[in-house]
Amino acid sequence: IPCGGKEMDSDEFLDDSFEESLREIETSDVVYSTPPSATKRQQDAPLFACVQDVEELHDCSKEGPVGRGLLSSIIHLTDPCPNQFTDPITSLFGHKVVVYQAFSRDLSQNFLLFRYQLNSLINCADSGQANAIISHSNTFLSILECFVHRQLACHSQQQQQPHPLVVRIAADLVVHLMRVWSQMDLLPTDIPARSLQRAPGRDLLHLTLHLHWTTVAVLYRMSQLLGPSALLEHVRMLCKSLLRSAAARYNQWAKSDMPLTQKTFFVCSCIREVWLLVLYVMDTCALASNTLDFWSIVTHILSDILSHHVLSCMEDQSLAVKIHDPVGYVWWVLVALCLLYSYSEDGRSNSMALLKPCWTFLQDHLLPSTLHQDVTEQQLRTYMSPYLFLVHHWPVAVDHIVLAWDHFHKHMSDSFHVVGRGIQEWLVEHPTPQQWVHHIKGLCSTADGRGHGGVATSYDHFLCSLASTLTRSHDPQYVWKQLRGRFYSKIHSKWLEGLGWTGVRNFISLLLVLAWSGDTAEISQKSVTHLSVLGLCAPKDKTTVLVWKGMLALLMVCEEKSVSFCSIVEKIGPSVSSMTQGFLSGSEDKQLCWEVICLLLDASLELLQGSGGVTMGSGLLLGSCLGNLITLLQGHELVRVLQCVEGVAMELCSQLDVLQRQGSVEVHQQSESARGYCRIFLQSCVPALLVKTKLPIPPPQLAASAAVVTSLACKCSSLSGINSSSLADALFEEYALRDTTVASLACSYICHMGGGADVTRQLLRQSEGVQWKVAHTWFRAVLQMHSTPSCVNTVQELSEVLIDLPAISTLLQSSDCHSRDSLSVLCALLSSMNTVFLATGNPHEAMSWRDKMATLLGDLLSYMEPALSGSAPGDSLKQCYCVASYLVELCPKVIYGKAQTARWCVLPQLVDRLFFPVHSTSKPIVQGVSVCTHLHLHQFLAGLLQLDPHEDGFIKRKVQRLFSQYFLACVQPKQPVAAGLSSNPFMLLLRPCMDHQEPSPEVCERLLHVLMIVTSGFLVLPQQPISLLPTIKFLRQVIDRIRSGSLLVRCLPVVLGSLLSCHLACEVCSHQSEPHGIRRLVMDILRMLLAAYKQYPDALPQDSLQPLLRDFIANNIKQFGGTVFKTLQLLSELHSYLVASVLQDACQLVERHEVRAGMAGGLRAAYEALVLQVKNMEASDR
């Protein structure tokens, strides 16, 4: 027998004493393969390298027995410690012994000593002594395992039968090991409290584990020699001991909410390595000798636990541990032990490894106990979490799913609520079908129960296990065929009708899980029948909304799985129509129907935005209700539908853009669906949108929706089979160009068109006529604009769109408009049109520009009528006056002609409607008209005066009528019209004459014409003083502000006669009736005019003023006599030469009057006084 490299006869070791054997070995030439010092160091090292806080899928420590390859050496029957313990003499428990003799002849004594050492260790309080005992014990066990292996290996190499002595030694070893093990039959149940708190691996626990490791190793190595019964018995007792220790810890955690899969089964890595030893040894023995494998041993123990709720290792029941929750404990053990199969022999973990199952035990014993009727929801949640974990990690099976379905279909209407927790945990209605699908996807993608813990219900865990079973199979349809009969057999009409709201929700979740994980097409078709029974067709209560959410969620599942659901939509089409009609008819279930309609709209958009792209089914779903909803709805309901229309159209446009950028194959495949969807969508919504322009107050959303649909129709023109260009033209014509469309709607629509894609902008620029029609819409919007920010911003955006149109942009190039403000653009456009019109010499071209003006203005008066009648917002009236004033001031010759019936001739109508409104008791003037007329009168007068009133009697009458109606009211500051206003419109009219040193001829003519009207109409005597004084003051202000001297001179012939007559009236009236200061004002005016005349004598033709003076004398001498010459005396003080030039004519008039009247004293005296004063003034001037 080999021992230390030397062969010796067995009888020699059996008969000689220890001393003799020692002397013989000491005198022999034995070569030791390992130095004694090194051997000693290795003997001192513990077997286990303990690691606390074990992670279940963490590699074993390389310092432990598995990591060092000891497990692999046991399984493959190799030397556990090669090149170690080869010294034939060693030290055991402080004595030097011969190895072979110690484990043969002295086996009983050494085991007795080992047992004594163990007993001493249990009662030892000295740390140093305990360390020595453990060190000696570890050495003893290590040498024992090596000794057994080398004895058996010798005979295996020589291919001979075992020596009887070896057989006897092996049998004795088993007996002695069992005796030692019976002394340490139990692992401490309060681990690590019973630990001596020494270095890792140097306490009673790890010594016990080392003993078990050695026992299993020795029994396994001798199993071929003695049979596996002893090994099987010891492994069974070891498993019970390990499970008993774990049961004590589980009882401490039983009342906590921590999920079972998160409770640590292995208190340290050493226990896990012992379990790995048991697993590999028993599974290897089972393959070799057809004995029980690891799962058979463990499940037999677990079955007893489920039956008796007690776990003991020996016959003594006093040492048994009662388990408080045996079902949960068994689940916990299964999860922990099944993970051992993810480890290789060298301790490496593989999380992707397919673990060896024990489905039979789970289906026959554990699941029936789990799904028992006395189990609470809290317990069931605890149990279902490890169940889901095992379903995911074990190979696919279906019987356990059938068992679970048998339980849950009976409790489908249960809330699965845990008493004591918030009711909101289970009263959760998925807000949208999309979120419901997201929840189902989360269930189906759950790898195990760790993520759910105590939050997910037991029913959720069942759904997860069902999804895992279907998805992990290589052939889900085959698995579903095995389950289909068992599922559908329990789903019938009576059962469905008995479901409450919660039951319906749970059942729909089941259908969604099946559709997501199994045969989507078959399950979705079958689900329509089930949901129809639950209330899909007719509104009942809130359950109807829930059923529709489930139906739409099912369609989303089909869309994500790329399964066509056109047939499903066709089946539910009547139900959609029923819901639509139910809402429109105002039935008692109107609110429920509206909720369903909102779900349909949102789901249609979500289906389109999903990963499946454009599908025909989603188009059919939306088209089944869209047309009626747009046509018949109003208010916020219409806005809700239009938001969906806009979203769908935008998404379709985006999808079409993507298709154009992709390859030809994909474009061809997707274009079929896109063509069908677009055709259905456009045919259903375009006719309805065309009708909505008749709304008196259209919602803002209508313009945006119509613009996006127009853009979609333009893009679809590239798809064959869709006549979308005509639909786009119809929408554009109705929304952008038609006069019956509300201006704000048309304006917003064009803004969206101008800011949209190239195809929509092209609609705006397709021809010059269309561009001018767009300009007309813009003009109508500017005319009807009010001061709300949204309206102002919309018109502003439209102005920017207008400027970009080629026809308008070309026209505005001649203007110096740099502002994008709407009124600034209007002024620039009108001014440019007037400039081009005046420069046109061809009558036909002039008429074409008037036609463009007619297109721009449209039915102007009808657009203004709401503001003028008071039915529009208050500030709309000011806007109408402002726009009309710019129109009359900037291009009067374009909008006026002799043919006043022409559609472009709007000036007469504007003047009459805005400044001469007809009022009565039944139709009073709108408040604010007087203020608007005062603000914009000067612009109208400026435009009218450009039309040459001297030649056109109609214009002359209009101007005179405006003066007669508004002049005195505007120049008298105490009048209500002018109260609070800082500017006089007639002064504003003449401002261009006053602000320039050299005003233009047109401006000069305007001034002279105004002065002529004022003097001829308001300085004609006799005149009331109260009217005379404001007029004189007005003239004084005008003359005083004129900066051009030549222009002042030209004003002199116009006002001279009237001023002299005014002064004459003051001379003949009483002092009390004379207006205060009127003489001074008249003289100031004359002084300024005559001073300018002296400075610029050439500004007037020679002798142009003398006729005026002669007429003044001739017209007044008969009535006022010599008083006329008193007025001329004052005039001579200002300009004596002017008066001297008419003295001869005055003398003749005096003589003629003396002959006729027969009295010459007073008149002659006044004349002579005038002559004398003139001579004196001339003398002084010289």
# chains A, B, ... in the order shown; residues from 1 in each chain; ligands from 1

call {"tool": "residues_around", "arguments": {"residues": "Cys1062 (chain A)", "least_positions_apart": "4", "cutoff": "12 Å", "atoms": "only C-alpha atoms", "output": "compact mmCIF listing (two decimals) with N, CA, C and O atoms, in the first residue's frame"}}
result
# COMPACT_ATOMS: atom_id res chain seq x y z
N THR A 1015 -63.39 131.21 -46.00
CA THR A 1015 -63.76 132.61 -46.12
C THR A 1015 -65.11 132.79 -46.79
O THR A 1015 -65.89 133.67 -46.42
N PHE A 1018 -67.73 130.89 -44.05
CA PHE A 1018 -67.82 131.17 -42.61
C PHE A 1018 -67.42 132.61 -42.26
O PHE A 1018 -67.48 132.98 -41.09
N LEU A 1019 -67.00 133.43 -43.27
CA LEU A 1019 -66.72 134.85 -43.03
C LEU A 1019 -67.64 135.72 -43.86
O LEU A 1019 -67.31 136.87 -44.19
N VAL A 1020 -68.78 135.24 -44.20
CA VAL A 1020 -69.77 135.98 -44.98
C VAL A 1020 -70.68 136.72 -44.01
O VAL A 1020 -71.27 136.11 -43.11
N LEU A 1021 -70.78 138.01 -44.19
CA LEU A 1021 -71.61 138.83 -43.32
C LEU A 1021 -73.02 138.96 -43.91
O LEU A 1021 -73.19 138.97 -45.13
N PRO A 1022 -74.02 139.09 -43.09
CA PRO A 1022 -73.93 139.07 -41.61
C PRO A 1022 -73.66 137.66 -41.07
O PRO A 1022 -74.08 136.67 -41.64
N GLN A 1023 -72.99 137.63 -39.96
CA GLN A 1023 -72.56 136.38 -39.34
C GLN A 1023 -72.68 136.53 -37.83
O GLN A 1023 -72.39 137.61 -37.29
N GLN A 1024 -73.06 135.48 -37.14
CA GLN A 1024 -73.14 135.52 -35.69
C GLN A 1024 -71.73 135.68 -35.12
O GLN A 1024 -70.80 135.00 -35.53
N PRO A 1025 -71.55 136.53 -34.16
CA PRO A 1025 -70.20 136.70 -33.58
C PRO A 1025 -69.63 135.44 -32.99
O PRO A 1025 -68.43 135.21 -33.06
N SER A 1027 -69.85 132.53 -34.09
CA SER A 1027 -69.28 131.74 -35.18
C SER A 1027 -68.13 132.45 -35.85
O SER A 1027 -67.22 131.81 -36.40
N LEU A 1028 -68.17 133.78 -35.81
CA LEU A 1028 -67.16 134.55 -36.51
C LEU A 1028 -65.80 134.47 -35.80
O LEU A 1028 -64.76 134.31 -36.44
N LEU A 1029 -65.81 134.55 -34.49
CA LEU A 1029 -64.55 134.58 -33.75
C LEU A 1029 -63.75 133.28 -33.89
O LEU A 1029 -62.53 133.35 -34.15
N THR A 1031 -63.66 131.23 -36.35
CA THR A 1031 -63.14 131.16 -37.72
C THR A 1031 -61.93 132.06 -37.86
O THR A 1031 -60.91 131.68 -38.48
N ILE A 1032 -62.02 133.29 -37.29
CA ILE A 1032 -60.88 134.21 -37.35
C ILE A 1032 -59.69 133.62 -36.62
O ILE A 1032 -58.53 133.72 -37.06
N VAL A 1055 -58.17 135.90 -48.68
CA VAL A 1055 -58.78 136.27 -47.40
C VAL A 1055 -58.93 137.77 -47.22
O VAL A 1055 -59.57 138.21 -46.25
N LEU A 1056 -58.34 138.57 -48.11
CA LEU A 1056 -58.32 140.01 -47.87
C LEU A 1056 -59.73 140.59 -47.80
O LEU A 1056 -60.07 141.33 -46.87
N GLY A 1057 -60.56 140.32 -48.78
CA GLY A 1057 -61.91 140.88 -48.79
C GLY A 1057 -62.71 140.46 -47.58
O GLY A 1057 -63.42 141.28 -46.96
N SER A 1058 -62.63 139.21 -47.19
CA SER A 1058 -63.40 138.74 -46.04
C SER A 1058 -62.90 139.37 -44.76
O SER A 1058 -63.69 139.70 -43.86
N CYS A 1066 -67.28 145.16 -37.45
CA CYS A 1066 -66.96 145.58 -36.09
C CYS A 1066 -67.14 147.10 -35.94
O CYS A 1066 -67.49 147.60 -34.87
N GLU A 1067 -66.87 147.84 -37.02
CA GLU A 1067 -67.00 149.29 -36.97
C GLU A 1067 -68.44 149.73 -36.84
O GLU A 1067 -68.73 150.75 -36.20
N VAL A 1068 -69.34 149.00 -37.44
CA VAL A 1068 -70.74 149.44 -37.48
C VAL A 1068 -71.57 148.87 -36.35
O VAL A 1068 -72.68 149.34 -36.08
N CYS A 1069 -71.09 147.81 -35.66
CA CYS A 1069 -71.88 147.21 -34.58
C CYS A 1069 -71.57 147.90 -33.27
O CYS A 1069 -70.58 148.63 -33.15
N GLU A 1074 -69.74 143.40 -30.11
CA GLU A 1074 -68.49 143.06 -30.82
C GLU A 1074 -67.76 141.95 -30.06
O GLU A 1074 -67.50 142.07 -28.85
N PRO A 1075 -67.39 140.83 -30.72
CA PRO A 1075 -66.62 139.76 -30.06
C PRO A 1075 -65.29 140.28 -29.57
O PRO A 1075 -64.62 141.06 -30.25
N ILE A 1078 -61.60 140.51 -31.64
CA ILE A 1078 -61.69 140.16 -33.05
C ILE A 1078 -60.95 141.17 -33.91
O ILE A 1078 -60.34 140.81 -34.93
N ARG A 1079 -60.97 142.45 -33.51
CA ARG A 1079 -60.25 143.46 -34.29
C ARG A 1079 -58.74 143.15 -34.29
O ARG A 1079 -58.07 143.26 -35.32
N ARG A 1080 -58.24 142.83 -33.12
CA ARG A 1080 -56.82 142.53 -33.02
C ARG A 1080 -56.44 141.33 -33.87
O ARG A 1080 -55.40 141.32 -34.56
N LEU A 1081 -57.27 140.27 -33.89
CA LEU A 1081 -56.98 139.09 -34.68
C LEU A 1081 -56.96 139.42 -36.17
O LEU A 1081 -56.08 138.96 -36.92
N VAL A 1082 -57.95 140.24 -36.61
CA VAL A 1082 -58.01 140.60 -38.03
C VAL A 1082 -56.78 141.40 -38.42
O VAL A 1082 -56.16 141.16 -39.47
N MET A 1083 -56.41 142.33 -37.59
CA MET A 1083 -55.26 143.15 -37.91
C MET A 1083 -53.97 142.34 -37.87
O MET A 1083 -53.05 142.55 -38.67
N ILE A 1085 -53.69 139.22 -38.70
CA ILE A 1085 -53.66 138.45 -39.94
C ILE A 1085 -53.23 139.35 -41.11
O ILE A 1085 -52.36 138.99 -41.92
N LEU A 1086 -53.86 140.53 -41.18
CA LEU A 1086 -53.52 141.44 -42.28
C LEU A 1086 -52.07 141.88 -42.18
O LEU A 1086 -51.37 142.03 -43.19
N PHE A 1112 -64.55 145.94 -52.50
CA PHE A 1112 -64.91 146.15 -51.09
C PHE A 1112 -65.57 147.51 -50.91
O PHE A 1112 -66.59 147.65 -50.22
N ASN A 1116 -69.80 148.16 -50.24
CA ASN A 1116 -70.18 148.53 -48.88
C ASN A 1116 -70.43 150.03 -48.69
O ASN A 1116 -70.94 150.45 -47.64
N VAL A 1124 -66.63 152.77 -44.38
CA VAL A 1124 -65.76 151.94 -45.23
C VAL A 1124 -64.36 152.52 -45.25
O VAL A 1124 -63.36 151.78 -45.17
N THR A 1127 -62.06 151.67 -42.28
CA THR A 1127 -61.38 150.38 -42.39
C THR A 1127 -60.15 150.49 -43.27
O THR A 1127 -59.09 149.93 -42.97

call {"tool": "closest_residue", "arguments": {"among": "A:Leu1048, A:Leu823, A:Val894, A:Ala703", "to": "Phe837 (chain A)", "atoms": "only C-alpha atoms"}}
result
A:Val894

call {"tool": "atom_distance", "arguments": {"atom1": "CA of Gly627 (chain A)", "atom2": "CA of Gln660 (chain A)"}}
result
28.7 Å

call {"tool": "select_by_dssp", "arguments": {"residues": "region 785-867 of chain A", "states": "helix (DSSP H, G or I)", "output": "number ranges by chain"}}
result
A: 789-804, 806-812, 822-839, 843-857, 860-867

call {"tool": "closest_atom_pairs", "arguments": {"of": "region 756-827 of chain A", "to": "region 740-750 of chain A", "cutoff": "10 Å", "atoms": "only C-alpha atoms", "output": "CSV"}}
result
residue,atom,partner,partner_atom,distance
A:Gly756,CA,A:Ile750,CA,9.6
A:Thr760,CA,A:Ile750,CA,9.4
A:Arg761,CA,A:Ile750,CA,9.2
A:Leu764,CA,A:Ile750,CA,8.2
A:Val774,CA,A:Ile750,CA,7.9
A:Thr777,CA,A:Cys747,CA,6.7
A:Trp778,CA,A:Cys747,CA,6.3
A:Phe779,CA,A:Ala743,CA,9.1
A:Arg780,CA,A:Ala743,CA,6.0
A:Ala781,CA,A:Ala743,CA,5.0
A:Val782,CA,A:Ala743,CA,8.7
A:Leu783,CA,A:Ala743,CA,9.1
A:Gln784,CA,A:Ala743,CA,7.3
A:Met785,CA,A:Ser744,CA,8.1
A:Cys791,CA,A:Ser744,CA,7.4
A:Asn793,CA,A:Ser748,CA,9.8
A:Thr794,CA,A:Ser748,CA,6.0
A:Val795,CA,A:Cys747,CA,6.6
A:Gln796,CA,A:Cys747,CA,9.7
A:Glu797,CA,A:Ser748,CA,8.5
A:Leu798,CA,A:Cys747,CA,6.4
A:Ser799,CA,A:Cys747,CA,9.5
A:Val801,CA,A:Ile750,CA,7.9
A:Leu802,CA,A:Ile750,CA,9.3

call {"tool": "atom_distance", "arguments": {"atom1": "CA of Ala872 (chain A)", "atom2": "CA of Gly635 (chain A)"}}
result
20.2 Å
